[in-house]
file final36.cif (mmCIF, C-alpha atoms and all ligand atoms)
data_protein
#
loop_
_atom_site.label_atom_id
_atom_site.label_comp_id
_atom_site.auth_asym_id
_atom_site.auth_seq_id
_atom_site.Cartn_x
_atom_site.Cartn_y
_atom_site.Cartn_z
CA MET A 1 -80.70 18.38 3.48
CA THR A 2 -78.13 18.55 6.21
CA ASP A 3 -74.73 17.07 5.77
CA THR A 4 -72.49 17.90 8.64
CA SER A 5 -69.01 17.47 9.93
CA ILE A 6 -65.71 15.95 9.05
CA ALA A 7 -62.01 16.52 9.15
CA ASP A 8 -61.29 18.12 12.45
CA PRO A 9 -57.53 17.79 11.94
CA SER A 10 -57.18 16.06 15.30
CA ASN A 11 -59.56 13.26 14.33
CA ASP A 12 -59.21 10.42 11.89
CA MET A 13 -62.92 9.73 11.63
CA GLU A 14 -65.93 11.98 11.67
CA PRO A 15 -69.59 11.03 11.49
CA PHE A 16 -71.79 12.44 8.76
CA ASN A 17 -75.52 12.61 9.12
CA LEU A 18 -77.48 12.81 5.90
CA GLN A 19 -81.19 13.57 6.24
CA PHE A 20 -83.83 14.35 3.67
CA PRO A 21 -87.53 13.75 3.18
CA PHE A 22 -88.78 12.40 -0.11
CA THR A 23 -91.98 11.24 -1.74
CA ARG A 24 -92.12 8.23 -4.01
CA THR A 25 -94.86 7.02 -6.26
CA LEU A 26 -96.08 3.53 -5.51
CA GLY A 27 -97.24 2.05 -8.81
CA ASN A 28 -100.43 0.07 -9.24
CA THR A 29 -99.66 -2.96 -7.04
CA LEU A 30 -98.44 -1.07 -3.99
CA SER A 31 -101.07 1.65 -4.43
CA THR A 32 -103.72 -1.08 -4.26
CA PHE A 33 -102.04 -2.70 -1.25
CA PHE A 34 -101.63 0.50 0.77
CA SER A 35 -105.11 1.74 -0.13
CA ALA A 36 -106.44 -1.54 1.29
CA VAL A 37 -104.23 -1.11 4.40
CA ALA A 38 -105.75 2.34 4.92
CA GLN A 39 -109.15 0.57 5.05
CA GLY A 40 -107.84 -1.98 7.56
CA GLN A 41 -107.64 -4.76 4.97
CA LEU A 42 -104.53 -6.81 4.14
CA ILE A 43 -104.30 -8.30 0.66
CA GLY A 44 -102.09 -10.47 -1.49
CA VAL A 45 -101.97 -11.31 -5.17
CA LYS A 46 -102.66 -14.72 -6.66
CA VAL A 47 -99.99 -15.69 -9.12
CA GLY A 48 -98.64 -19.05 -10.30
CA GLY A 49 -101.17 -20.93 -8.14
CA ARG A 50 -100.18 -19.29 -4.85
CA VAL A 51 -101.01 -16.14 -2.91
CA ILE A 52 -98.14 -13.74 -2.34
CA ALA A 53 -98.70 -11.25 0.48
CA PRO A 54 -97.88 -8.42 0.49
CA PRO A 55 -98.44 -8.49 -3.27
CA LEU A 56 -95.49 -8.26 -5.64
CA GLU A 57 -95.60 -6.70 -9.09
CA TYR A 58 -94.06 -9.80 -10.59
CA ASP A 59 -94.01 -13.56 -10.08
CA PRO A 60 -90.71 -14.23 -8.29
CA GLU A 61 -90.53 -17.66 -9.95
CA THR A 62 -90.83 -16.50 -13.55
CA GLY A 63 -90.49 -12.71 -13.53
CA ALA A 64 -93.86 -12.45 -15.27
CA ASP A 65 -96.33 -9.68 -14.43
CA ALA A 66 -98.21 -10.78 -11.32
CA GLY A 67 -101.43 -9.23 -12.55
CA SER A 68 -104.23 -8.06 -10.29
CA GLU A 69 -106.02 -11.11 -8.93
CA TRP A 70 -106.19 -9.67 -5.42
CA VAL A 71 -106.98 -11.88 -2.43
CA LYS A 72 -107.91 -10.96 1.14
CA VAL A 73 -105.41 -12.21 3.70
CA GLY A 74 -105.16 -12.03 7.49
CA PRO A 75 -105.70 -10.22 9.74
CA ARG A 76 -104.30 -13.17 11.67
CA GLY A 77 -101.18 -15.07 10.73
CA THR A 78 -98.45 -17.35 11.99
CA VAL A 79 -94.89 -16.51 12.96
CA SER A 80 -92.24 -18.73 11.39
CA ALA A 81 -89.02 -16.91 12.32
CA TRP A 82 -88.02 -13.75 14.13
CA THR A 83 -85.21 -11.62 15.44
CA TYR A 84 -85.69 -9.60 18.59
CA VAL A 85 -84.86 -5.89 18.92
CA PRO A 86 -84.70 -5.18 22.67
CA GLU A 87 -83.46 -1.59 22.30
CA PRO A 88 -84.87 0.15 19.21
CA THR A 89 -83.19 3.21 17.73
CA HIS A 90 -85.17 6.28 16.69
CA LEU A 91 -85.25 4.85 13.18
CA HIS A 92 -87.15 1.69 14.12
CA PRO A 93 -90.90 1.58 13.44
CA VAL A 94 -91.83 1.25 17.13
CA GLN A 95 -90.05 2.61 20.16
CA GLY A 96 -90.46 -0.31 22.57
CA PRO A 97 -88.91 -3.80 22.39
CA PHE A 98 -90.22 -5.75 19.41
CA ALA A 99 -89.42 -8.51 16.93
CA PHE A 100 -88.95 -8.38 13.21
CA ALA A 101 -90.72 -11.57 12.21
CA PHE A 102 -91.81 -13.59 9.22
CA VAL A 103 -95.59 -13.75 9.45
CA THR A 104 -97.55 -15.89 7.02
CA LEU A 105 -101.02 -14.36 6.93
CA ASP A 106 -104.05 -16.59 6.77
CA GLY A 107 -104.89 -17.06 3.10
CA ALA A 108 -101.29 -16.37 1.99
CA ASP A 109 -98.60 -18.81 0.92
CA THR A 110 -95.61 -16.54 1.55
CA PRO A 111 -94.45 -14.81 4.73
CA MET A 112 -94.16 -11.07 5.11
CA ILE A 113 -91.57 -9.47 7.33
CA HIS A 114 -93.07 -7.09 9.84
CA VAL A 115 -93.11 -5.91 13.43
CA VAL A 116 -94.44 -8.17 16.17
CA GLU A 117 -94.95 -6.42 19.48
CA ALA A 118 -94.68 -9.13 22.11
CA PRO A 119 -92.42 -9.97 25.03
CA GLU A 120 -89.36 -11.88 23.88
CA ASP A 121 -90.29 -15.02 25.83
CA GLN A 122 -93.63 -15.26 24.02
CA LEU A 123 -92.06 -15.49 20.59
CA ARG A 124 -91.92 -18.90 19.04
CA SER A 125 -92.35 -20.51 15.68
CA GLY A 126 -96.07 -21.16 15.28
CA LEU A 127 -97.17 -18.17 17.39
CA ARG A 128 -100.52 -16.86 16.19
CA VAL A 129 -100.55 -13.10 15.75
CA GLU A 130 -103.06 -10.55 14.49
CA ALA A 131 -102.69 -7.17 12.83
CA ARG A 132 -103.49 -4.22 15.08
CA PHE A 133 -104.30 -1.20 12.91
CA LYS A 134 -103.96 2.47 13.72
CA GLU A 135 -107.16 4.44 13.76
CA GLY A 136 -108.51 7.84 12.74
CA ASP A 137 -105.96 10.52 11.91
CA GLU A 138 -103.05 8.12 12.49
CA VAL A 139 -103.92 6.14 9.35
CA ASN A 140 -101.62 7.07 6.46
CA GLY A 141 -101.90 4.10 4.14
CA ARG A 142 -98.37 3.00 5.01
CA ILE A 143 -96.78 -0.24 6.13
CA ASP A 144 -96.52 1.15 9.66
CA ASP A 145 -100.30 1.61 9.85
CA PHE A 146 -100.28 -1.75 11.62
CA VAL A 147 -98.17 -4.01 13.77
CA PHE A 148 -98.72 -7.61 14.76
CA VAL A 149 -99.52 -8.60 18.32
CA PRO A 150 -100.24 -12.06 19.81
CA ALA A 151 -103.73 -13.08 18.71
CA THR A 152 -106.37 -13.13 21.43
CA ASP A 153 -108.25 -15.66 19.28
CA PRO A 154 -105.95 -18.02 17.35
CA SER A 155 -108.69 -19.41 15.09
CA PRO A 156 -108.46 -18.93 11.29
CA SER A 157 -109.21 -15.43 9.98
CA GLU A 158 -112.68 -14.97 8.54
CA GLY A 159 -112.74 -14.18 4.85
CA ALA A 160 -109.06 -14.96 4.29
CA GLY A 161 -108.46 -16.27 0.77
CA GLU A 162 -111.59 -14.61 -0.67
CA PRO A 163 -111.24 -12.33 -3.68
CA TYR A 164 -110.64 -8.65 -2.99
CA GLN A 165 -112.30 -6.09 -5.24
CA ALA A 166 -109.87 -3.19 -5.63
CA PRO A 167 -111.15 0.28 -6.50
CA ALA A 168 -110.40 1.35 -10.08
CA GLU A 169 -108.44 4.33 -8.77
CA PRO A 170 -106.56 3.45 -5.55
CA GLU A 171 -106.72 6.24 -2.98
CA ILE A 172 -103.06 6.01 -1.89
CA GLN A 173 -100.74 6.78 -4.82
CA THR A 174 -97.57 8.05 -3.10
CA MET A 175 -95.59 7.46 0.03
CA ASP A 176 -93.73 10.02 2.14
CA ALA A 177 -90.44 8.70 3.39
CA TYR A 178 -87.53 10.13 5.32
CA CYS A 179 -83.88 9.30 4.82
CA ASP A 180 -81.75 9.52 7.96
CA LEU A 181 -78.33 8.06 7.32
CA THR A 182 -75.38 8.32 9.68
CA TYR A 183 -72.02 7.15 8.46
CA VAL A 184 -68.39 7.63 9.33
CA ASP A 185 -65.90 8.99 6.85
CA ASN A 186 -62.21 8.39 7.41
CA ALA A 187 -60.50 11.73 6.87
CA ALA A 188 -57.60 11.10 4.50
CA PRO A 189 -54.15 12.36 5.62
CA VAL A 190 -54.20 14.94 2.81
CA THR A 191 -57.61 16.18 3.99
CA ARG A 192 -56.20 16.74 7.47
CA VAL A 193 -53.17 18.56 6.02
CA TRP A 194 -55.50 20.81 3.98
CA THR A 195 -57.87 21.62 6.86
CA GLN A 196 -54.96 22.25 9.25
CA ALA A 197 -53.45 24.70 6.73
CA LEU A 198 -56.82 26.49 6.43
CA LEU A 199 -57.02 26.86 10.21
CA GLU A 200 -53.58 28.51 10.04
CA GLY A 201 -54.68 30.85 7.23
CA LYS A 202 -52.70 29.11 4.49
CA LEU A 203 -53.47 27.49 1.15
CA VAL A 204 -51.28 24.55 0.24
CA GLY A 205 -50.78 22.78 -3.06
CA ARG A 206 -48.80 19.85 -4.38
CA THR A 207 -46.81 19.90 -7.61
CA CYS A 208 -46.47 16.81 -9.76
CA PRO A 209 -42.78 15.96 -10.35
CA GLN A 210 -43.62 14.50 -13.75
CA CYS A 211 -45.86 17.09 -15.46
CA GLY A 212 -45.25 20.09 -13.22
CA ARG A 213 -48.95 20.75 -12.64
CA THR A 214 -49.88 22.09 -9.22
CA PHE A 215 -53.00 20.86 -7.48
CA VAL A 216 -54.42 22.89 -4.64
CA GLY A 217 -56.72 21.47 -1.98
CA ALA A 218 -56.98 18.03 -0.45
CA VAL A 219 -55.46 16.34 -3.48
CA SER A 220 -52.73 13.72 -3.18
CA LEU A 221 -52.69 12.43 -6.74
CA CYS A 222 -51.79 13.89 -10.11
CA CYS A 223 -54.97 13.11 -12.04
CA VAL A 224 -53.03 13.31 -15.34
CA ASP A 225 -50.11 11.02 -14.49
CA ALA A 226 -51.75 9.01 -11.68
CA ILE A 227 -48.73 9.70 -9.48
CA GLU A 228 -49.07 9.99 -5.73
CA LEU A 229 -48.12 13.46 -4.50
CA ASP A 230 -46.67 13.24 -0.99
CA GLU A 231 -45.79 16.10 1.37
CA SER A 232 -42.39 16.55 -0.26
CA THR A 233 -44.23 18.02 -3.28
CA GLN A 234 -46.17 20.47 -1.12
CA SER A 235 -45.76 24.24 -0.93
CA GLU A 236 -47.72 27.26 0.20
CA MET A 237 -49.86 28.90 -2.46
CA PRO A 238 -50.56 32.59 -3.11
CA GLN A 239 -53.87 33.96 -1.84
CA THR A 240 -54.70 36.11 -4.86
CA GLY A 241 -55.94 34.94 -8.23
CA VAL A 242 -58.18 35.38 -11.24
CA VAL A 243 -61.73 34.09 -11.74
CA THR A 244 -61.62 31.51 -14.56
CA ASN A 245 -65.31 30.63 -14.64
CA PHE A 246 -68.38 30.94 -12.49
CA THR A 247 -71.96 29.81 -12.04
CA VAL A 248 -74.79 31.89 -10.60
CA ILE A 249 -76.99 29.68 -8.46
CA THR A 250 -80.58 30.73 -7.87
CA PRO A 251 -81.69 28.85 -4.77
CA VAL A 252 -84.87 26.83 -4.81
CA PRO A 253 -86.49 26.17 -1.44
CA TYR A 254 -86.13 22.69 0.03
CA PRO A 255 -85.83 21.52 3.65
CA GLY A 256 -82.43 22.55 4.96
CA GLN A 257 -81.77 25.16 2.24
CA LYS A 258 -80.30 28.24 3.93
CA GLU A 259 -79.66 30.37 0.83
CA THR A 260 -82.39 32.74 -0.32
CA GLU A 261 -80.58 35.02 -2.80
CA PRO A 262 -78.69 34.16 -6.00
CA PHE A 263 -75.04 33.46 -5.25
CA VAL A 264 -71.91 32.62 -7.18
CA ARG A 265 -69.63 29.62 -7.15
CA CYS A 266 -66.47 30.15 -9.13
CA SER A 267 -63.06 28.75 -9.89
CA VAL A 268 -60.01 30.86 -9.04
CA MET A 269 -56.62 30.37 -10.68
CA LEU A 270 -54.00 31.32 -8.14
CA ASP A 271 -51.51 33.99 -9.24
CA GLY A 272 -48.21 32.72 -10.56
CA THR A 273 -49.41 29.12 -10.65
CA ASP A 274 -51.55 26.88 -12.82
CA ALA A 275 -53.52 25.76 -9.77
CA VAL A 276 -57.28 26.30 -9.81
CA LEU A 277 -59.47 26.25 -6.71
CA GLY A 278 -63.05 25.28 -7.52
CA GLN A 279 -66.37 25.96 -5.78
CA GLN A 280 -65.29 29.29 -4.30
CA THR A 281 -67.47 32.11 -2.98
CA ILE A 282 -67.27 35.68 -4.26
CA VAL A 283 -68.02 38.44 -1.76
CA GLY A 284 -68.28 42.19 -1.97
CA ILE A 285 -70.16 42.46 -5.28
CA PRO A 286 -73.55 41.29 -6.54
CA ALA A 287 -73.66 37.94 -8.33
CA SER A 288 -74.60 39.75 -11.56
CA GLU A 289 -71.28 41.66 -11.57
CA VAL A 290 -68.93 38.67 -11.37
CA ARG A 291 -66.72 38.36 -14.48
CA VAL A 292 -64.22 35.89 -15.88
CA GLY A 293 -60.79 37.51 -15.68
CA MET A 294 -61.57 39.44 -12.49
CA HIS A 295 -58.73 39.74 -9.94
CA VAL A 296 -59.68 38.55 -6.48
CA ALA A 297 -58.01 38.14 -3.10
CA LEU A 298 -58.88 35.71 -0.33
CA GLU A 299 -60.52 37.06 2.80
CA TRP A 300 -60.15 34.79 5.82
CA GLU A 301 -62.43 34.39 8.78
CA PRO A 302 -60.68 35.67 11.91
CA GLU A 303 -58.30 33.18 13.50
CA GLY A 304 -60.18 31.03 15.97
CA GLN A 305 -63.43 31.39 13.99
CA ARG A 306 -62.38 29.28 11.01
CA ASP A 307 -64.69 26.29 10.63
CA VAL A 308 -63.46 23.30 8.63
CA SER A 309 -66.03 20.87 9.99
CA GLU A 310 -67.88 20.55 6.67
CA ILE A 311 -64.82 19.79 4.58
CA GLY A 312 -64.71 16.14 3.62
CA ASN A 313 -62.50 13.95 1.49
CA GLY A 314 -64.64 14.74 -1.54
CA GLY A 315 -64.25 18.48 -1.08
CA HIS A 316 -60.89 18.81 -2.88
CA GLY A 317 -60.33 22.58 -2.76
CA SER A 318 -63.27 23.38 -0.52
CA THR A 319 -62.44 26.19 1.90
CA GLY A 320 -65.57 25.56 4.00
CA GLY A 321 -66.14 28.03 6.79
CA ALA A 322 -62.46 28.97 7.04
CA VAL A 323 -62.83 31.88 4.64
CA VAL A 324 -65.34 34.65 4.05
CA GLY A 325 -64.73 34.39 0.31
CA TRP A 326 -62.81 35.99 -2.53
CA LYS A 327 -63.06 39.78 -2.84
CA PRO A 328 -62.42 41.74 -6.05
CA THR A 329 -59.14 43.67 -5.81
CA GLY A 330 -60.18 46.37 -8.31
CA GLU A 331 -57.25 45.70 -10.64
CA PRO A 332 -58.11 45.75 -14.37
CA ASP A 333 -59.54 42.40 -15.56
CA GLU A 334 -57.41 39.94 -17.48
CA PRO A 335 -58.73 39.05 -20.95
CA ALA A 336 -61.47 36.41 -20.40
CA GLU A 337 -60.34 34.42 -23.45
CA ASN A 338 -57.10 33.55 -21.62
CA TYR A 339 -59.12 31.32 -19.30
CA VAL A 340 -61.40 29.38 -21.61
CA ASP A 341 -59.53 26.13 -20.99
CA ARG A 342 -59.01 26.67 -17.28
CA MET A 343 -62.18 25.47 -15.65
CA MET A 344 -60.23 23.19 -13.33
ZN ZN A 401 -48.62 15.03 -13.32
#

call {"tool": "encode", "arguments": {"input": "final36.cif", "output": "structure tokens", "more": "lines below"}}
Ligand SMILES: [Zn+2]
result
Amino acid sequence: MTDTSIADPSNDMEPFNLQFPFTRTLGNTLSTFFSAVAQGQLIGVKVGGRVIAPPLEYDPETGADAGSEWVKVGPRGTVSAWTYVPEPTHLHPVQGPFAFAFVTLDGADTPMIHVVEAPEDQLRSGLRVEARFKEGDEVNGRIDDFVFVPATDPSPSEGAGEPYQAPAEPEIQTMDAYCDLTYVDNAAPVTRVWTQALLEGKLVGRTCPQCGRTFVGAVSLCCVDAIELDESTQSEMPQTGVVTNFTVITPVPYPGQKETEPFVRCSVMLDGTDAVLGQQTIVGIPASEVRVGMHVALEWEPEGQRDVSEIGNGGHGSTGGAVVGWKPTGEPDEPAENYVDRMM
């Protein structure tokens, strides 16, 4: 998974791009449908006296199980409505101009939405189209195994409406998919204040005038009193503290995972305050030697090399790439039991 960027202090808005592959199971109805697609056959399901194609797992009229009375449909069908995409993005199923269209396949009573590859001026309601399937190694048993193109022969499809005998064990049981989501996050004013302070080598916190608690990080609200904490409540925080709790994370491999060795994320209570910074990195000792009560001091990245691009509004006390981490000072530990209630 990659999740990049935000909160350059000079910008109000930063794009995030979230990408990850995933595999989903299809269930009986879609397994049967996609296994048929892999064989070059489109099917629907007969339910409530009509043929729904592609098949649904339930009758949309009643919510009842749609069963498994499969019916052959297509490969030709009729366009009833469309919207044209003259300039596809990399996320569209085809890379040339195309239409998303409602196509009612021969033998079906409901339209399916799918790609029609045709010049814009050829599209019209009533246009006869036919499925053009991929071949050989390109066949995956997915919805993009075929597109519709204008039919060379507009006559009714042979065999449409006949029963389809599904295999007892459909060949295609899962689907590989890929999430690629770009969105813009508006960096909150407090996030920009926090990241700007980090670039200057400072930690800042805000103290609630009602309860006296200090919150460090991009926090502009006392979560106890629900009072807004503006810049008048802000002050610079010390850069030494005590570890109040920690987690050792043993990385598992997944696409985008950069960590290979166990590492620690801990909370640090800043000296002389009741402010706790969460999700911090410990450096200088093995993960197995981190202790609650250990004194640590912040080590910054050199000025000019501090990266705050991955700090977002949800990061609270995240120090991102502005710091190397917290290094043990070597002072005697504080008693661990003093920190049992200080996770945050
Ligand atoms: Zn408060």

call {"tool": "closest_residue", "arguments": {"input": "final36.cif", "among": "A:Cys211, A:Val204, A:Val219, A:Val268", "to": "ligand ZN 401 (chain A)", "atoms": "all atoms listed in the file"}}
result
A:Cys211

call {"tool": "atom_distance", "arguments": {"input": "final36.cif", "atom1": "atom CA of Val71 of chain A", "atom2": "atom CA of Ala166 of chain A"}}
result
9.7 Å

call {"tool": "residues_near_ligand", "arguments": {"input": "final36.cif", "ligand": "ligand ZN 401 (chain A)", "cutoff": "12 Å", "atoms": "all atoms listed in the file", "output": "NGL selection string"}}
result
:A and (206-215 or 220-229 or 233)

call {"tool": "closest_residue", "arguments": {"input": "final36.cif", "among": "A:Pro75, A:Pro286, A:Pro170, A:Gly217", "to": "Leu30 of chain A", "atoms": "only C-alpha atoms"}}
result
A:Pro170

call {"tool": "atom_distance", "arguments": {"input": "final36.cif", "atom1": "atom CA of Gly201 of chain A", "atom2": "atom CA of Ala275 of chain A"}}
result
17.8 Å

call {"tool": "residues_around", "arguments": {"input": "final36.cif", "residues": "segment 122-138 of chain A", "least_positions_apart": "5", "cutoff": "12 Å", "atoms": "only C-alpha atoms", "output": "VMD selection string"}}
result
chain A and resid 36 to 42 73 to 84 98 to 106 114 to 117 143 to 157

call {"tool": "closest_residue", "arguments": {"input": "final36.cif", "among": "A:Gln305, A:Ser68, A:Gln19, A:Gln173", "to": "Leu198 of chain A", "atoms": "only C-alpha atoms"}}
result
A:Gln305

call {"tool": "closest_residue", "arguments": {"input": "final36.cif", "among": "A:Gly317, A:Gly304, A:Gly159, A:Gly256", "to": "Met269 of chain A", "atoms": "all atoms listed in the file"}}
result
A:Gly317

call {"tool": "atom_distance", "arguments": {"input": "final36.cif", "atom1": "atom CA of Val51 of chain A", "atom2": "atom CA of Asp65 of chain A"}}
result
14.0 Å

call {"tool": "closest_residue", "arguments": {"input": "final36.cif", "among": "A:Thr260, A:Ile172, A:Cys179, A:Leu91", "to": "Asn140 of chain A", "atoms": "all atoms listed in the file"}}
result
A:Ile172

call {"tool": "residues_around", "arguments": {"input": "final36.cif", "residues": "Asn313 of chain A", "least_positions_apart": "2", "cutoff": "10 Å", "atoms": "all atoms listed in the file", "output": "compact mmCIF listing (two decimals) with C-alpha atoms, keeping the file's coordinate frame"}}
result
# COMPACT_ATOMS: atom_id res chain seq x y z
CA ILE A 6 -65.71 15.95 9.05
CA ALA A 7 -62.01 16.52 9.15
CA ASP A 185 -65.90 8.99 6.85
CA ASN A 186 -62.21 8.39 7.41
CA ALA A 187 -60.50 11.73 6.87
CA ALA A 188 -57.60 11.10 4.50
CA PRO A 189 -54.15 12.36 5.62
CA VAL A 190 -54.20 14.94 2.81
CA THR A 191 -57.61 16.18 3.99
CA ARG A 192 -56.20 16.74 7.47
CA ALA A 218 -56.98 18.03 -0.45
CA VAL A 219 -55.46 16.34 -3.48
CA GLU A 310 -67.88 20.55 6.67
CA ILE A 311 -64.82 19.79 4.58
CA GLY A 315 -64.25 18.48 -1.08
CA HIS A 316 -60.89 18.81 -2.88
CA GLY A 317 -60.33 22.58 -2.76
CA SER A 318 -63.27 23.38 -0.52
